[in-house]
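Visitor: Handing you this structure, nothing more for now.
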Amino acid sequence: MSIAANISLLKSEVERVNVKLVAVSKTQPVEAVREAYEAGQRVFGENTVQEMTEKYEQLPKDIEWHLIGHLQTNKVKYIAPFVTLIQSVDSLKLLQEIDKQAAKNNRVIDCLLQVYIADEATKFGLGFDEVVELLGSAGFSALQHVRITGVMGIATNTDNPKQIREEFYELATFFKGLKASYFRKEDSFKEISMGMSGDYKIAVEQGSTMVRMGSTIFGKRVIPHWKNN
Ligand SMILES: *Cc1c(COP(=O)(O)O)cnc(C)c1O
């Protein structure tokens with residue numbers, strides 16, 4: 001199927017249950033993003049600063065760009081002027097740099113805390129205890145130009161649906177706890193970004209508000225997976 005057909009099918013499937021579709025365009029050429037854009041898609045996810053800034057420059061300015069990959073503090077400045085959501089915040093130090101660069105650009109940048117839920121040593125993210133420590137810290141309270149709007153998680157890469165379901169359930173439960181403890185009065189704390197091409201149905205069933213889909217929309221990525229995670 002074409003990119004346009006995939007977009008309309010997936011968009012209607014997830015939007016019907018109020019879930020946002022983030023089209024993960026990493027490693028895909030600008031033309032592929034444009035095709036998705038012309039099919040009505042406005043939210044795109046990239047995992048590197050380099051690729052995101054290159055595509056941002058070439059594509060329409062009403063696109064919402066989400067960073068979904070590990071972000072180094074020295075690169076925040078390149079995306080701070082335009083990024084819509086940084087989904088992969090995994091330290092207070094990074095959050096402080098985002099705050100600083102957001103202030104320079106006279107804006108508030110929305111962020112998700114990436115929470116480690118997988119049974120794999122290779123994934124980035126904060127442990128549950130580290131999230132609690134971060135949110136309770138004086139360093140966090142001092143920030144004025146970042147807004148935490150939720151959490152993001154990546155399930156274990158397994159074909160065991162029971163394990164994936166448990167991991168998503170844990171993330172959704174953790175989100176509810178954070179909401180009650182730290183964000184009770186903040187309507188903007190509402191996002192649970194979970195679910196990719198292989199597991200989005202389980203994620204939606206477990207309360208995802210945002211799915212990040214790459215290969216189901218654009219086809220297989222041409223770059224080997226060990227270069228683009
Ligand atoms: C690549 C990537 C995705 C999309 O993966 P697909 O399996 O192609 O849908 C989603 N989330 C993150 C964090 C990614 O790096």
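Ordering of the structure tokens sets the chain letters (A, B, ...); residue numbers start at 1 within each chain; ligands are numbered from 1 in the order shown.
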Would you list the residues that come within 8 Å of ligand 1? Count only C-alpha atoms and all ligand atoms and give the answer as an MDAnalysis selection string.
Guide: chainID A and resid 23:24 26 45:47 68:69 88 153:154 195:198 211:217 219:221 228:229
Visitor: What parts of segment 52-218 of chain A does DSSP call strand (DSSP E)? I'd like the answer as a short mmCIF file (atom, residue, chain, number, x, y, z; two decimals) with all heavy atoms, in the first residue's frame.
Guide:
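File written: part10.cif
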data_model
loop_
_atom_site.label_atom_id
_atom_site.label_comp_id
_atom_site.auth_asym_id
_atom_site.auth_seq_id
_atom_site.Cartn_x
_atom_site.Cartn_y
_atom_site.Cartn_z
N GLU A 64 4.28 19.35 13.22
CA GLU A 64 4.70 19.18 14.63
C GLU A 64 5.84 18.17 14.64
O GLU A 64 5.62 17.01 14.30
CB GLU A 64 3.57 18.54 15.45
CG GLU A 64 2.56 19.47 16.02
CD GLU A 64 1.65 18.71 17.00
OE1 GLU A 64 2.06 17.73 17.65
OE2 GLU A 64 0.49 19.13 17.08
N TRP A 65 7.00 18.60 15.09
CA TRP A 65 8.15 17.68 15.16
C TRP A 65 8.34 17.16 16.57
O TRP A 65 8.45 17.95 17.52
CB TRP A 65 9.42 18.40 14.68
CG TRP A 65 9.39 18.69 13.20
CD1 TRP A 65 9.12 19.89 12.62
CD2 TRP A 65 9.62 17.76 12.14
NE1 TRP A 65 9.17 19.75 11.25
CE2 TRP A 65 9.47 18.46 10.92
CE3 TRP A 65 9.93 16.39 12.09
CZ2 TRP A 65 9.62 17.85 9.67
CZ3 TRP A 65 10.09 15.79 10.84
CH2 TRP A 65 9.94 16.51 9.66
N HIS A 66 8.39 15.84 16.71
CA HIS A 66 8.63 15.22 18.01
C HIS A 66 10.00 14.54 17.99
O HIS A 66 10.27 13.74 17.08
CB HIS A 66 7.59 14.14 18.30
CG HIS A 66 6.21 14.68 18.55
ND1 HIS A 66 5.23 13.94 19.17
CD2 HIS A 66 5.65 15.89 18.27
CE1 HIS A 66 4.12 14.68 19.26
NE2 HIS A 66 4.35 15.85 18.71
N LEU A 67 10.82 14.82 18.97
CA LEU A 67 12.08 14.08 19.07
C LEU A 67 11.82 12.84 19.92
O LEU A 67 11.31 12.93 21.04
CB LEU A 67 13.19 14.92 19.69
CG LEU A 67 14.52 14.18 19.48
CD1 LEU A 67 15.10 14.46 18.10
CD2 LEU A 67 15.53 14.50 20.54
N LEU A 85 7.60 18.64 20.71
CA LEU A 85 7.61 17.78 21.89
C LEU A 85 8.89 16.95 21.91
O LEU A 85 9.21 16.29 20.92
CB LEU A 85 6.38 16.84 21.86
CG LEU A 85 6.22 15.86 23.01
CD1 LEU A 85 6.00 16.58 24.34
CD2 LEU A 85 5.06 14.89 22.75
N ILE A 86 9.58 16.99 23.03
CA ILE A 86 10.75 16.12 23.22
C ILE A 86 10.28 14.94 24.06
O ILE A 86 9.96 15.10 25.23
CB ILE A 86 11.93 16.88 23.87
CG1 ILE A 86 12.36 18.05 22.98
CG2 ILE A 86 13.10 15.92 24.13
CD1 ILE A 86 13.46 18.94 23.55
N GLN A 87 10.18 13.77 23.42
CA GLN A 87 9.58 12.61 24.09
C GLN A 87 10.60 11.80 24.88
O GLN A 87 10.22 10.87 25.58
CB GLN A 87 8.96 11.67 23.04
CG GLN A 87 7.80 12.25 22.26
CD GLN A 87 6.86 11.17 21.76
OE1 GLN A 87 6.98 9.99 22.10
NE2 GLN A 87 5.89 11.55 20.96
N SER A 88 11.88 12.16 24.76
CA SER A 88 12.92 11.26 25.25
C SER A 88 13.79 11.90 26.33
O SER A 88 15.00 11.73 26.34
CB SER A 88 13.78 10.83 24.07
OG SER A 88 14.04 11.94 23.22
N VAL A 89 13.17 12.61 27.27
CA VAL A 89 13.93 13.22 28.35
C VAL A 89 14.29 12.14 29.38
O VAL A 89 13.41 11.46 29.90
CB VAL A 89 13.14 14.35 29.03
CG1 VAL A 89 13.83 14.82 30.30
CG2 VAL A 89 12.95 15.51 28.05
N ILE A 109 9.02 24.58 26.23
CA ILE A 109 9.07 23.36 25.43
C ILE A 109 8.42 22.21 26.20
O ILE A 109 8.76 21.93 27.36
CB ILE A 109 10.52 23.00 25.04
CG1 ILE A 109 11.10 24.11 24.13
CG2 ILE A 109 10.57 21.64 24.32
CD1 ILE A 109 12.54 23.87 23.67
N ASP A 110 7.47 21.54 25.54
CA ASP A 110 6.81 20.39 26.14
C ASP A 110 7.72 19.16 26.06
O ASP A 110 8.40 18.95 25.05
CB ASP A 110 5.50 20.08 25.38
CG ASP A 110 4.40 21.07 25.75
OD1 ASP A 110 4.57 21.83 26.72
OD2 ASP A 110 3.38 21.09 25.05
N CYS A 111 7.72 18.38 27.13
CA CYS A 111 8.59 17.21 27.21
C CYS A 111 7.84 16.03 27.81
O CYS A 111 6.94 16.21 28.63
CB CYS A 111 9.78 17.48 28.12
SG CYS A 111 10.89 18.78 27.56
N LEU A 112 8.24 14.83 27.42
CA LEU A 112 7.79 13.62 28.10
C LEU A 112 9.01 13.02 28.79
O LEU A 112 10.12 13.12 28.29
CB LEU A 112 7.25 12.59 27.10
CG LEU A 112 6.11 13.02 26.17
CD1 LEU A 112 5.67 11.84 25.30
CD2 LEU A 112 4.93 13.56 26.96
N LEU A 113 8.79 12.42 29.94
CA LEU A 113 9.86 11.69 30.60
C LEU A 113 9.87 10.27 30.03
O LEU A 113 8.84 9.58 30.05
CB LEU A 113 9.62 11.65 32.12
CG LEU A 113 9.62 13.02 32.80
CD1 LEU A 113 9.26 12.87 34.28
CD2 LEU A 113 10.97 13.71 32.65
N GLN A 114 11.02 9.88 29.51
CA GLN A 114 11.12 8.52 28.98
C GLN A 114 11.38 7.56 30.13
O GLN A 114 12.39 7.67 30.84
CB GLN A 114 12.23 8.41 27.92
CG GLN A 114 12.31 7.01 27.33
CD GLN A 114 13.27 6.89 26.16
OE1 GLN A 114 13.77 7.89 25.64
NE2 GLN A 114 13.53 5.66 25.74
N VAL A 115 10.46 6.64 30.31
CA VAL A 115 10.53 5.71 31.43
C VAL A 115 10.95 4.33 30.91
O VAL A 115 10.43 3.84 29.91
CB VAL A 115 9.17 5.61 32.14
CG1 VAL A 115 9.27 4.71 33.37
CG2 VAL A 115 8.68 7.00 32.56
N VAL A 146 10.16 24.61 30.66
CA VAL A 146 9.79 23.28 30.20
C VAL A 146 8.49 22.89 30.88
O VAL A 146 8.20 23.34 31.99
CB VAL A 146 10.86 22.19 30.51
CG1 VAL A 146 12.11 22.40 29.69
CG2 VAL A 146 11.18 22.14 31.98
N ARG A 147 7.71 22.10 30.18
CA ARG A 147 6.46 21.61 30.76
C ARG A 147 6.42 20.10 30.51
O ARG A 147 6.55 19.66 29.37
CB ARG A 147 5.29 22.30 30.05
CG ARG A 147 3.94 21.93 30.61
CD ARG A 147 2.85 22.80 30.03
NE ARG A 147 2.55 22.46 28.64
CZ ARG A 147 1.45 22.84 28.00
NH1 ARG A 147 0.55 23.61 28.61
NH2 ARG A 147 1.25 22.48 26.75
N ILE A 148 6.27 19.35 31.58
CA ILE A 148 6.19 17.89 31.44
C ILE A 148 4.73 17.54 31.15
O ILE A 148 3.85 17.77 31.98
CB ILE A 148 6.64 17.18 32.73
CG1 ILE A 148 8.06 17.61 33.14
CG2 ILE A 148 6.57 15.65 32.56
CD1 ILE A 148 9.15 17.23 32.18
N THR A 149 4.49 16.96 29.97
CA THR A 149 3.11 16.66 29.59
C THR A 149 2.79 15.16 29.64
O THR A 149 1.70 14.76 29.26
CB THR A 149 2.79 17.22 28.18
OG1 THR A 149 3.67 16.62 27.22
CG2 THR A 149 2.95 18.73 28.14
N GLY A 150 3.76 14.37 30.11
CA GLY A 150 3.47 12.94 30.26
C GLY A 150 4.70 12.08 30.22
O GLY A 150 5.81 12.56 30.51
N VAL A 151 4.49 10.83 29.87
CA VAL A 151 5.58 9.84 29.87
C VAL A 151 5.64 9.11 28.53
O VAL A 151 4.66 9.04 27.79
CB VAL A 151 5.40 8.81 31.01
CG1 VAL A 151 5.50 9.47 32.38
CG2 VAL A 151 4.08 8.04 30.88
N MET A 152 6.81 8.57 28.25
CA MET A 152 7.00 7.75 27.05
C MET A 152 7.71 6.47 27.43
O MET A 152 8.56 6.48 28.34
CB MET A 152 7.84 8.52 26.02
CG MET A 152 8.02 7.81 24.69
SD MET A 152 9.46 6.74 24.59
CE MET A 152 10.58 7.77 23.66
N GLY A 153 7.34 5.37 26.79
CA GLY A 153 8.02 4.12 27.07
C GLY A 153 8.10 3.23 25.84
O GLY A 153 7.27 3.32 24.93
N GLU A 191 -0.29 12.78 28.63
CA GLU A 191 0.15 11.89 27.55
C GLU A 191 0.86 10.63 28.04
O GLU A 191 1.74 10.69 28.90
CB GLU A 191 1.11 12.64 26.60
CG GLU A 191 0.58 13.93 26.03
CD GLU A 191 -0.60 13.76 25.08
OE1 GLU A 191 -0.96 12.60 24.76
OE2 GLU A 191 -1.15 14.79 24.66
N ILE A 192 0.46 9.51 27.44
CA ILE A 192 1.20 8.26 27.61
C ILE A 192 1.59 7.82 26.20
O ILE A 192 0.76 7.31 25.45
CB ILE A 192 0.36 7.16 28.29
CG1 ILE A 192 -0.28 7.66 29.58
CG2 ILE A 192 1.22 5.93 28.55
CD1 ILE A 192 -1.21 6.64 30.25
N SER A 193 2.85 8.10 25.84
CA SER A 193 3.31 7.73 24.50
C SER A 193 3.84 6.31 24.55
O SER A 193 4.91 6.05 25.08
CB SER A 193 4.40 8.70 24.05
OG SER A 193 4.98 8.26 22.83
N MET A 210 -0.79 8.22 22.48
CA MET A 210 0.07 8.61 21.36
C MET A 210 0.85 7.38 20.90
O MET A 210 1.56 6.78 21.71
CB MET A 210 1.08 9.62 21.93
CG MET A 210 1.54 10.69 21.03
SD MET A 210 2.69 11.75 21.93
CE MET A 210 1.69 13.19 22.14
N VAL A 211 0.68 6.98 19.64
CA VAL A 211 1.47 5.85 19.13
C VAL A 211 2.50 6.36 18.14
O VAL A 211 2.24 7.30 17.40
CB VAL A 211 0.58 4.75 18.50
CG1 VAL A 211 -0.23 4.02 19.56
CG2 VAL A 211 -0.33 5.31 17.41
N ARG A 212 3.67 5.75 18.15
CA ARG A 212 4.77 6.18 17.28
C ARG A 212 5.00 5.10 16.23
O ARG A 212 5.52 4.04 16.54
CB ARG A 212 6.04 6.38 18.11
CG ARG A 212 5.84 7.26 19.36
CD ARG A 212 7.11 7.30 20.19
NE ARG A 212 7.63 5.97 20.49
CZ ARG A 212 7.30 5.25 21.57
NH1 ARG A 212 6.48 5.72 22.48
NH2 ARG A 212 7.82 4.04 21.75
N MET A 213 4.60 5.38 14.99
CA MET A 213 4.61 4.33 13.97
C MET A 213 5.51 4.68 12.81
O MET A 213 5.33 5.71 12.17
CB MET A 213 3.19 4.15 13.43
CG MET A 213 2.12 4.07 14.51
SD MET A 213 1.87 2.41 15.02
CE MET A 213 0.93 1.86 13.63
#
Visitor: From a backbone DSSP assignment, name each residue in segment 7-222 of chain A labelled alpha helix (DSSP H), as a PyMOL selection string.
Guide: chain A and resi 7-15+30-38+49-58+76-79+92-104+128-135+138-141+161-182+200-205+215-218
Visitor: Tell me, as a list in words, which residues lie within 12 Å of segment 140-142 of chain A, counting only C-alpha atoms; anything in the same chain fewer than 3 positions away does not count.
Guide: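 That gives Ser91, Leu92, Lys93, Leu94, Leu95, Gln96, Glu97, Ile98, Asp99, Lys100, Val131, Val132, Glu133, Leu134, Leu135, Gly136, Ser137, His145, Val146, Arg147, Ile148 and Tyr182 of chain A.
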Visitor: Please provide as a list in words all residues within 12 Å of Lys162 of chain A, with the sequence filter that same-chain residues fewer than 5 positions apart are discarded (counting only C-alpha atoms).
Guide: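 In the requested form, the answer reads Ala155, Thr156, Glu167, Phe168, Tyr169, Asp199, Ile202, Ala203 and Gln206 of chain A.
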Visitor: What's around Gln50 of chain A at 9 Å? Count only C-alpha atoms, leave out sequence neighbours fewer than 5 positions away in its own chain, and write the answer as a ChimeraX atom specification.
Guide: /A:55,75,78
Visitor: Atoms to include: N, CA and C atoms. Write the selected residues as a PDB file, in the first residue's frame.
Guide:
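The new file selection00.pdb reads:
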ATOM      1  N   LYS A  55      15.046  18.048   7.859  1.00  0.00           N
ATOM      2  CA  LYS A  55      13.682  17.923   7.327  1.00  0.00           C
ATOM      3  C   LYS A  55      12.844  19.153   7.675  1.00  0.00           C
ATOM      4  N   LYS A  75      23.232  19.284  21.794  1.00  0.00           N
ATOM      5  CA  LYS A  75      22.476  19.422  20.540  1.00  0.00           C
ATOM      6  C   LYS A  75      21.097  20.056  20.736  1.00  0.00           C
ATOM      7  N   TYR A  78      19.918  23.218  18.687  1.00  0.00           N
ATOM      8  CA  TYR A  78      19.536  23.180  17.270  1.00  0.00           C
ATOM      9  C   TYR A  78      18.036  22.956  17.064  1.00  0.00           C
TER      10      TYR A  78
END
Visitor: Name all residues at most 9 Å from Val14 of chain A (count only C-alpha atoms; drop same-chain ones fewer than 5 positions away) and give them as a VMD selection string.
Guide: chain A and resid 9 19 to 21 204 210 to 211
Visitor: I want to know what sits within 9 Å of Lys179 of chain A, based on only C-alpha atoms, with residues of the same chain fewer than 4 positions away left out; could you give that as a VMD selection string?
Guide: chain A and resid 150 174 to 175 183 to 186 189 to 190
Visitor: Limited to N, CA, C and O atoms, could you put the picked residues into a file as a short mmCIF file (atom, residue, chain, number, x, y, z; two decimals), in the first residue's frame?
Guide:
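Output file part_12.cif follows:
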data_model
loop_
_atom_site.label_atom_id
_atom_site.label_comp_id
_atom_site.auth_asym_id
_atom_site.auth_seq_id
_atom_site.Cartn_x
_atom_site.Cartn_y
_atom_site.Cartn_z
N GLY A 150 3.76 14.37 30.11
CA GLY A 150 3.47 12.94 30.26
C GLY A 150 4.70 12.08 30.22
O GLY A 150 5.81 12.56 30.51
N PHE A 174 1.88 3.72 36.37
CA PHE A 174 2.84 4.68 36.89
C PHE A 174 2.41 6.11 36.54
O PHE A 174 2.47 7.02 37.37
N PHE A 175 1.95 6.29 35.29
CA PHE A 175 1.45 7.60 34.87
C PHE A 175 0.35 8.09 35.82
O PHE A 175 0.35 9.24 36.25
N PHE A 183 0.89 16.12 39.49
CA PHE A 183 0.29 16.92 38.41
C PHE A 183 -1.22 16.99 38.52
O PHE A 183 -1.92 17.13 37.52
N ARG A 184 -1.74 16.87 39.73
CA ARG A 184 -3.19 16.80 39.91
C ARG A 184 -3.92 17.98 39.27
O ARG A 184 -4.98 17.83 38.70
N LYS A 185 -3.29 19.14 39.38
CA LYS A 185 -3.98 20.35 38.90
C LYS A 185 -3.56 20.73 37.48
O LYS A 185 -3.95 21.77 36.97
N GLU A 186 -2.73 19.92 36.87
CA GLU A 186 -2.24 20.30 35.54
C GLU A 186 -2.87 19.45 34.45
O GLU A 186 -2.50 18.30 34.23
N PHE A 189 -0.74 17.58 31.80
CA PHE A 189 -0.08 16.29 32.04
C PHE A 189 -1.06 15.19 31.68
O PHE A 189 -1.90 14.78 32.50
N LYS A 190 -1.01 14.72 30.44
CA LYS A 190 -2.04 13.80 29.98
C LYS A 190 -1.56 12.75 28.98
O LYS A 190 -2.35 11.92 28.54
#
Visitor: So, counting only C-alpha atoms, which residue among A:Val22, A:Leu71, A:Ala118, A:Ala103 is closest to Val49 of chain A?
Guide: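 Of A:Val22, A:Leu71, A:Ala118, A:Ala103, the one nearest Val49 of chain A is A:Leu71, counting only C-alpha atoms.
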Visitor: Point out the residue among A:Asn157, A:Thr84, A:Phe44, A:Glu170 with the least atom-to-atom distance to Glu120 of chain A, counting only C-alpha atoms.
Guide: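 Counting only C-alpha atoms, the residue closest to Glu120 of chain A is A:Asn157.
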Visitor: Identify which of the residues A:Glu57, A:Glu51, A:Glu38, A:Asp187 lies closest to Ser25 of chain A, counting only C-alpha atoms when measuring atom-to-atom distances.
Guide: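 Result for the nearest residue to Ser25 of chain A: A:Glu51.
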Visitor: With distances taken over only C-alpha atoms, which residue among A:Val17, A:Ile3, A:Tyr56, A:Tyr116 lies nearest Glu130 of chain A?
Guide: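 With only C-alpha atoms as the atom set, the closest residue is A:Tyr116.
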